[in-house]
Amino acid sequence: MRSFAFHRPTTLYEMSALLGGVADSMPLAGGMTLLPTIKQRLAAPAALIDLSNIPQLHGISAQADVLTVGAMTRHVDVAESELVRSKIPLLASLAAGIGDPAVRNRGTIGGSVANNDPSADYPAAVLALDATVVTDRREIAAVAFFRGLFETALEPGEIITAVRFPVPSAGGYAKFKSPASRYAVVGVCVAKKAGKVRVAVTGAGPGVFRVAVMEAALERTFTPDAIAAIKLGAENLSSDIHADAEYRAHLVTVMAKAAVKSALQTS
Amino acid sequence: MSNVIGIGAAPRRKEDFRFLTGRGNYVADIKRVDMTFGVFIRSQHSHAVIRGIDKAPALALPGIQAVLTGDDVAADGLGSLPCGWGIHGSDGLPMKEPPFPMLAQGKVRFVGDMVAFVIADTLELARAAAEAVVIDYEVLPSVVGVLEAVRPGAPQLFDDVPNNLCCDWELGDKVAVATAFKKAAHVARLSLVNNRLIGNPMEPRAAVAEYNGGTGHYTLWTTSQFPHVVRFLMSALVLKIPEQKMRVVAPDVGGGFGVKQFHYGEEAVITWAAKRVGRPIKWVADRSEGFISDRHGRDHVTEAELALDQNGKFLALKVVTLANMGGYLSTFGPNIPTNLYGPLLSGVYTTPAIYCNVKVIFTNTVPVDAYRGAGRPEATFVVERLVDVAAKEMGIDRVELRRRNIIAKESYPYQTPVLVEYDSGDPMGCLEGALAEADVAGFAQRKAASERDGKFRGLGYSTYVEACGLAPSRFAGRLGARGGLYESATVRVHPTGQVTVLIGTHNHGQGHETTFAQIVSEKLGVAFDNVDIVFGDTDRVQFGMGTYGSRSLVVGGAALSKASDKVVLKGKKIAAHLLEASEHDIQFEAGVFSVAGTDRSKTFQEIAGAAYVPHDYPLEILEPGLEEQAYYDPVNFTYPGGCHIAEVEIDPETGIVTLEKYTAVDDVGTVINPMIVEGQLHGGIVQGVGQALYENAVYDDVSGQLLSGSFMDYTMPRADHLPNMTIKTHSTLCTHTPMGVKGCGEVGTIGSPAAVINSVVDALSHLGVLHVDMPATPNRIWRVIQDATMPRAAE
């Protein structure tokens with residue numbers, strides 16, 4: 001690790017000024033990806049702008065049928081929040097299954113969504129629940145936010161402040177986790193609201209994606225059986241030493257069924 | 001005397017207090033005055049010619065002390081890393097033994113091969129300087145798998161090693177085997193892969209080296225399982241410095257599993273560099289560096305055939321294996337897939353004829369050497385898998401087939417057709433014990449319950465034996481060992497009667513400080529708390545071959561037992577003088593010397609005092625002091641073994657294998673500390689389960705890059721992968737070790753992979769599956785089920 005300057009702003013204004021004014025600076029959320037990258041000397045920012053002391057970025061709140069989670073809210077806080085559990089139980093169980101306890105005690109929702117790792121859990125929920133990503137500049141709909149492998153709609157220096165989740169009538173998340181990293185080999189989030197269903201898949205491809213044919217089937221009948229016969233093609237899916245593309249394609253159906261089953265049990 | 005804690009007791013481990021309270025002293029904890037920091041530059045290419053190295057940009061940086069390369073090594077006339085075993089091929093010729101330079105000379109042969117050592121005032125400066133060194137490589141095609149490495153036209157690692165073949169080794173009676181196969185009623189055949197593993201001890205390797213210009217003495221602190229061997233190899237063969245001027249210290253070491261029982265280039269380079277730089281140097285590997293430089297284990301491709309008569313009696317076994325050595329010969333490398341593999345193919349069975357051929361092959365991968373079990377898990381896996389295949393094909397129950405072939409208890413000592421003679425054992429007793437402990441009778445009910453949930457359930461057996469307690473030197477010498485394999489211990493009784501033991505084995509997690517203290521406490525009748533065990537320092541301990549091959553208790557403990565007996569013998573002489581009796585009338589029991597049939601006695605403490613204050617002492621015939629040393633060279637290997645039973649459930653939809661139950665009943669001979677034995681079994685089994693279900697070192701076929709180079713991709717077994725286990729002993733006593741001990745360090749790892757895979761195959765047997773390679777990952781199992789259930793498209 002090379003030496004770097006460390007700033008810990010307490011307001012969004014101060015944060016923006018630092019990000020705009022300090023050359024070669026990077027924002028630090030939970031640091032679960034950035035810090036290992038710096039340690040391995042794959043990144044060498046001149047300064048880190050730590051976001052942990054900005055009150056507006058923390059906390060979980062609910063208004064009517066919307067749950068808002070501050071960007072710096074840690075996975076453990078989402079997992080243990082009574083509010084999240086009562087409003088969107090799938091989100092609490094998703095957070096409880098991220099990485100290991102050390103990761104959950106440091107990692108944040110904002111960091112995960114901004115990083116858009118193709119195997120991360122949160123992007124599936126953000127997309128399936130049709131959430132809105134709120135930044136210090138604007139609001140971005142989930143469908144417009146994720147743009148493939150580690151790519152998002154965020155502009156340089158733009159910081160996520162919160163994620164707003166509409167409360168679904170039913171929803172579930174099922175994940176086939178890597179026994180090594182505990183990342184999603186395939187994770188599927190299914191959410192239903194006002195007769196519309198969204199199915200979002202993480203881990204299987206270069207970025208989170210929706211499965212329209214499953215959504216249509218579930219809108220007709222919201223049961224695991226409704227999608228049991230739907231098989232994805234393996235063409236655009238990832239292949240690595242843990243899971244080949246054909247297996248991942250199969251797991252999408254298996255996990256989608258499990259997600260629907262979970263949705264039916266918790267709704 | 002009170003507070004004796006002897007053989008069979010289970011006191012808490014002495015060493016754990018310092019470990020659990022953060023007061024251990026590991027190599028990375030060591031700080032020396034004016035210490036510098038070193039970083040190794042490792043090859044990023046699996047096979048390349050080094051066209052040039054430009055040190056200048058690094059040497060221009062602040063705080064830089066030196067950049068050392070293979071040219072500097074050559075200029076100083078240093079030796080290469082020695083191989084401790086020289087085996088011979090079936091043609092009678094010695095193995096091909098190309099030099100393994102401590103820093104690459106002209107060529108790199110695996111990703112991680114060391115190219116240069118950079119030393120600077122701080123670790124950060126050393127890392128920055130390492131990045132500044134410019135290395136010009138001419139990348140060559142590489143080969144990582146053994147099947148590919150022996151193909152015509154494969155990339156050649158060494159000009160003088162045709163076909164990358166280090167040695168074509170054989171064992172057994174080829175003609176007798178061929179004859180038996182002709183008479184066979186059935187032949188079971190199996191092709192299998194024994195997956196490559198990476199040991200990953202919790203503490204990464206590290207070293208600190210210092211040179212004293214005033215005395216010419218070097219000190220190396222290193223994460224080693226055998227500091228005396230490192231001193232000998234490094235001083236005599238690599239650096240060519242006087243052995244008495246070299247001190248090697250292996251302080252607290254955080255796990256070894258074999259990974260730390262080799263003489264590594266890093267040790268030689270840092271010691272040499274410490275003199276050149278004139279300041280102490282520290283190097284600590286990071287985890288990524290460990291993955292590409294710690295010696296790997298296993299990596300076999302095998303074809304095996306078992307001939308049986310119509311009743312299922314084994315007639316003959318034939319095994320042909322290609323064993324991956326990696327890019328160079330490591331310290332024990334060629335010994336592992338040959339001498340530690342072939343002789344174990346007899347298993348616990350009466351197979352009369354065995355033939356084994358092993359082709360030892362170089363590839364562009366990390367050198368392969370001993371990893372917990374070392375050769376014996378591979379042999380056990382071949383035999384125990386093949387027994388199951390034969391049982392299935394012949395329609396004989398797996399347990400019944402084992403019963404028909406197991407060596408009966410009364411047949412011991414039993415001479416196998418592959419060199420070794422088992423001195424003792426009761427494999428049938430272990431099998432029967434395990435059947436009861438595992439509730440095999442209730443399996444059908446559990447299987448039915450799984451089926452109701454849409455799951456497959458399987459049961460797997462492994463009745464196995466291993467050869468450990470390495471090793472009888474004369475026997476090992478005939479097989480190619482270039483060193484002895486005895487052990488030494490000194491029992492130093494202080495004037496107070498308290499005891500320091502100096503022993504040549506090394507404790508890096510096994511609980512030696514506790515087990516050895518129990519032996520002394522029992523033998524001398526001194527309090528357990530009054531015995532300290534010293535190890536790991538060539539300036540304190542006389543000599544030692546170190547810890548590996550389940551040898552510490554078997555060989556080291558035997559030396560300790562012998563030395564303790566010598567102390568008692570001398571004590572008797574002193575007591576005879578003090579008690580005015582004949583030496584032959586002196587009895588020693590529970591720490592008291594007494595004259596038989598009288599109430600006259602002296603305590604051990606009084607005798608120790610008299611030995612060091614010899615006012616009333618037989619100085620004419622006896623030297624003062626009470627310190628005895630013993631070297632012990634075993635007369636045979638020991639043969640622990642047992643029966644392991646695994647029970648798994650498979651989710652056919654995902655392919656996930658869940659280990660539901662695990663039962664081990666093992667014969668480890670005399671148990672000194674049952675808690676420690678259970679811990680050793682537990683850890684060993686977990687490592688075997690890791691190989692069977694999770695761990696796999698995977699190289700990219702084209703680039704030769706290690707794809708499983710971090711814990712993100714290399715799956716270590718974790719607590720949530722494992723059930724509670726039932727671990728019991730069913731021991732027979734070893735007939736030739738002083739205390740009847742057999743050793744237990746490796747048994748868990750040796751018995752378990754076969755038990756787990758046999759249970760996986762059993763769960764899938766209704767689909768006609770006869771074999772599954774390790775690790776049985778979800779993807780692999782799902783694929784096996786797909787292939788077994790879906791009609792294949794016409795090709």
# chains A, B, ... in the order shown; residues from 1 in each chain; ligands from 1
$ interface_residues --of "chain B" --to "chain A" --cutoff "6 Å" --atoms "only C-alpha atoms" --output "VMD selection string"
chain B and resid 712 to 713 715 779
$ residues_around --residues "Lys742 (chain B)" --least-positions-apart "2" --cutoff "6 Å" --atoms "only C-alpha atoms" --output "PDB file with all heavy atoms, in the first residue's frame"
ATOM      1  N   VAL B 554       6.261 -40.790  17.322  1.00  0.00           N
ATOM      2  CA  VAL B 554       6.751 -42.134  17.035  1.00  0.00           C
ATOM      3  C   VAL B 554       8.277 -42.188  17.129  1.00  0.00           C
ATOM      4  O   VAL B 554       8.835 -43.072  17.770  1.00  0.00           O
ATOM      5  CB  VAL B 554       6.288 -42.587  15.632  1.00  0.00           C
ATOM      6  CG1 VAL B 554       6.877 -43.937  15.277  1.00  0.00           C
ATOM      7  CG2 VAL B 554       4.775 -42.623  15.570  1.00  0.00           C
ATOM      8  N   THR B 638       5.599 -47.276  11.285  1.00  0.00           N
ATOM      9  CA  THR B 638       4.413 -47.685  12.036  1.00  0.00           C
ATOM     10  C   THR B 638       3.238 -47.658  11.062  1.00  0.00           C
ATOM     11  O   THR B 638       3.299 -46.987  10.024  1.00  0.00           O
ATOM     12  CB  THR B 638       4.135 -46.762  13.229  1.00  0.00           C
ATOM     13  OG1 THR B 638       3.930 -45.439  12.734  1.00  0.00           O
ATOM     14  CG2 THR B 638       5.295 -46.789  14.208  1.00  0.00           C
ATOM     15  N   PRO B 640      -0.510 -46.995  11.386  1.00  0.00           N
ATOM     16  CA  PRO B 640      -1.845 -46.656  11.865  1.00  0.00           C
ATOM     17  C   PRO B 640      -2.846 -46.859  10.731  1.00  0.00           C
ATOM     18  O   PRO B 640      -2.470 -46.939   9.561  1.00  0.00           O
ATOM     19  CB  PRO B 640      -1.753 -45.177  12.230  1.00  0.00           C
ATOM     20  CG  PRO B 640      -0.349 -44.757  11.974  1.00  0.00           C
ATOM     21  CD  PRO B 640       0.312 -45.807  11.160  1.00  0.00           C
ATOM     22  N   VAL B 668      -4.346 -45.978  16.353  1.00  0.00           N
ATOM     23  CA  VAL B 668      -3.146 -45.137  16.383  1.00  0.00           C
ATOM     24  C   VAL B 668      -2.152 -45.638  17.429  1.00  0.00           C
ATOM     25  O   VAL B 668      -1.240 -44.933  17.817  1.00  0.00           O
ATOM     26  CB  VAL B 668      -3.501 -43.654  16.656  1.00  0.00           C
ATOM     27  CG1 VAL B 668      -4.354 -43.108  15.521  1.00  0.00           C
ATOM     28  CG2 VAL B 668      -4.211 -43.468  17.985  1.00  0.00           C
ATOM     29  N   GLY B 669      -2.355 -46.874  17.887  1.00  0.00           N
ATOM     30  CA  GLY B 669      -1.467 -47.401  18.922  1.00  0.00           C
ATOM     31  C   GLY B 669      -1.791 -46.733  20.254  1.00  0.00           C
ATOM     32  O   GLY B 669      -2.902 -46.239  20.474  1.00  0.00           O
TER      33      GLY B 669
END
$ atom_distance --atom1 "CA of Gln518 (chain B)" --atom2 "CA of Glu466 (chain B)"
25.7 Å
$ closest_residue --among "B:Thr789, B:Ile407, B:Gly8, B:Pro242" --to "Met675 (chain B)" --atoms "only C-alpha atoms"
B:Gly8
$ closest_atom_pairs --of "region 434-552 of chain B" --to "region 628-633 of chain B" --cutoff "7 Å" --atoms "only C-alpha atoms" --output "CSV"
residue,atom,partner,partner_atom,distance
B:Pro472,CA,B:Asp633,CA,5.9
B:Ser473,CA,B:Asp633,CA,6.7
B:Leu485,CA,B:Asp633,CA,6.9
B:Tyr486,CA,B:Asp633,CA,4.2
B:Glu487,CA,B:Tyr632,CA,5.4
B:Ser488,CA,B:Tyr631,CA,4.2
B:Ala489,CA,B:Ala630,CA,5.5
B:Thr490,CA,B:Gln629,CA,4.1
B:Val491,CA,B:Glu628,CA,5.4
B:Arg492,CA,B:Glu628,CA,6.6
$ write_last_selection --atoms "N, CA and C atoms" --output "PDB file, in the first residue's frame"
ATOM      1  N   PRO B 472      12.748 -45.633   9.243  1.00  0.00           N
ATOM      2  CA  PRO B 472      13.975 -46.401   9.465  1.00  0.00           C
ATOM      3  C   PRO B 472      15.040 -45.976   8.456  1.00  0.00           C
ATOM      4  N   SER B 473      16.158 -45.449   8.950  1.00  0.00           N
ATOM      5  CA  SER B 473      17.145 -44.823   8.049  1.00  0.00           C
ATOM      6  C   SER B 473      17.713 -45.807   7.039  1.00  0.00           C
ATOM      7  N   LEU B 485      16.858 -40.564   9.174  1.00  0.00           N
ATOM      8  CA  LEU B 485      15.495 -40.204   9.549  1.00  0.00           C
ATOM      9  C   LEU B 485      15.198 -40.548  11.004  1.00  0.00           C
ATOM     10  N   TYR B 486      16.269 -40.585  11.812  1.00  0.00           N
ATOM     11  CA  TYR B 486      16.159 -40.804  13.264  1.00  0.00           C
ATOM     12  C   TYR B 486      15.698 -39.516  13.929  1.00  0.00           C
ATOM     13  N   GLU B 487      15.632 -39.549  15.243  1.00  0.00           N
ATOM     14  CA  GLU B 487      15.352 -38.323  15.988  1.00  0.00           C
ATOM     15  C   GLU B 487      16.163 -38.333  17.270  1.00  0.00           C
ATOM     16  N   SER B 488      16.338 -37.152  17.851  1.00  0.00           N
ATOM     17  CA  SER B 488      17.128 -37.057  19.072  1.00  0.00           C
ATOM     18  C   SER B 488      16.385 -36.266  20.141  1.00  0.00           C
ATOM     19  N   ALA B 489      16.688 -36.606  21.384  1.00  0.00           N
ATOM     20  CA  ALA B 489      16.125 -35.867  22.520  1.00  0.00           C
ATOM     21  C   ALA B 489      17.136 -35.841  23.658  1.00  0.00           C
ATOM     22  N   THR B 490      17.170 -34.718  24.345  1.00  0.00           N
ATOM     23  CA  THR B 490      17.980 -34.595  25.559  1.00  0.00           C
ATOM     24  C   THR B 490      17.031 -34.316  26.719  1.00  0.00           C
ATOM     25  N   VAL B 491      17.217 -35.072  27.805  1.00  0.00           N
ATOM     26  CA  VAL B 491      16.465 -34.773  29.030  1.00  0.00           C
ATOM     27  C   VAL B 491      17.443 -34.135  29.997  1.00  0.00           C
ATOM     28  N   ARG B 492      17.252 -32.864  30.230  1.00  0.00           N
ATOM     29  CA  ARG B 492      18.157 -32.108  31.122  1.00  0.00           C
ATOM     30  C   ARG B 492      17.440 -31.924  32.459  1.00  0.00           C
TER      31      ARG B 492
END
$ residues_around --residues "Ala608 (chain B)" --least-positions-apart "6" --cutoff "9 Å" --atoms "only C-alpha atoms" --output "number ranges by chain"
B: 493-498, 571, 625-626
$ residues_around --residues "Ala44 (chain A)" --least-positions-apart "5" --cutoff "12 Å" --atoms "only C-alpha atoms" --output "list in words"
Met1, Arg2, Ser3, Phe4, Ala5, Asp24, Ser25, Met26, Leu34, Leu35, Pro36, Thr37, Ile38 and Lys39 of chain A; Ala128 of chain B
$ atom_distance --atom1 "CA of Leu57 (chain A)" --atom2 "CA of Pro168 (chain A)"
23.7 Å
$ closest_residue --among "A:Arg85, A:Arg210, A:Arg8, A:Arg198" --to "Pro55 (chain A)" --atoms "only C-alpha atoms"
A:Arg8
$ residues_around --residues "region 432-438 of chain B" --least-positions-apart "5" --cutoff "12 Å" --atoms "only C-alpha atoms" --output "ChimeraX atom specification"
/B:399-400,402-403,426-427,443,459-463,642-647,660-667,725-731
$ residues_around --residues "Val103 (chain A)" --least-positions-apart "4" --cutoff "12 Å" --atoms "only C-alpha atoms" --output "list in words"
Gly30, Gly31, Met32, Thr33, Arg74, His75, Val76, Ala95, Ala96, Gly97, Ile98, Gly99, Gly107, Thr108, Ile109, Gly111, Ser112, Ser181, Arg182 and Tyr183 of chain A
$ residues_around --residues "Val213 (chain A)" --least-positions-apart "3" --cutoff "8 Å" --atoms "only C-alpha atoms" --output "list in words"
Ala216, Ala217 and Ile230 of chain A
$ select_by_dssp --residues "region 525-768 of chain B" --states "strand (DSSP E)" --output "ChimeraX atom specification"
/B:531-534,586-589,592-595,601-603,627-632,641-651,656-667,725-729
$ atom_distance --atom1 "CA of Asp117 (chain A)" --atom2 "CA of Glu289 (chain B)"
24.8 Å
$ closest_residue --among "B:Thr735, B:Ser80, B:Ser330, B:Thr603" --to "Asp369 (chain B)" --atoms "only C-alpha atoms"
B:Ser330
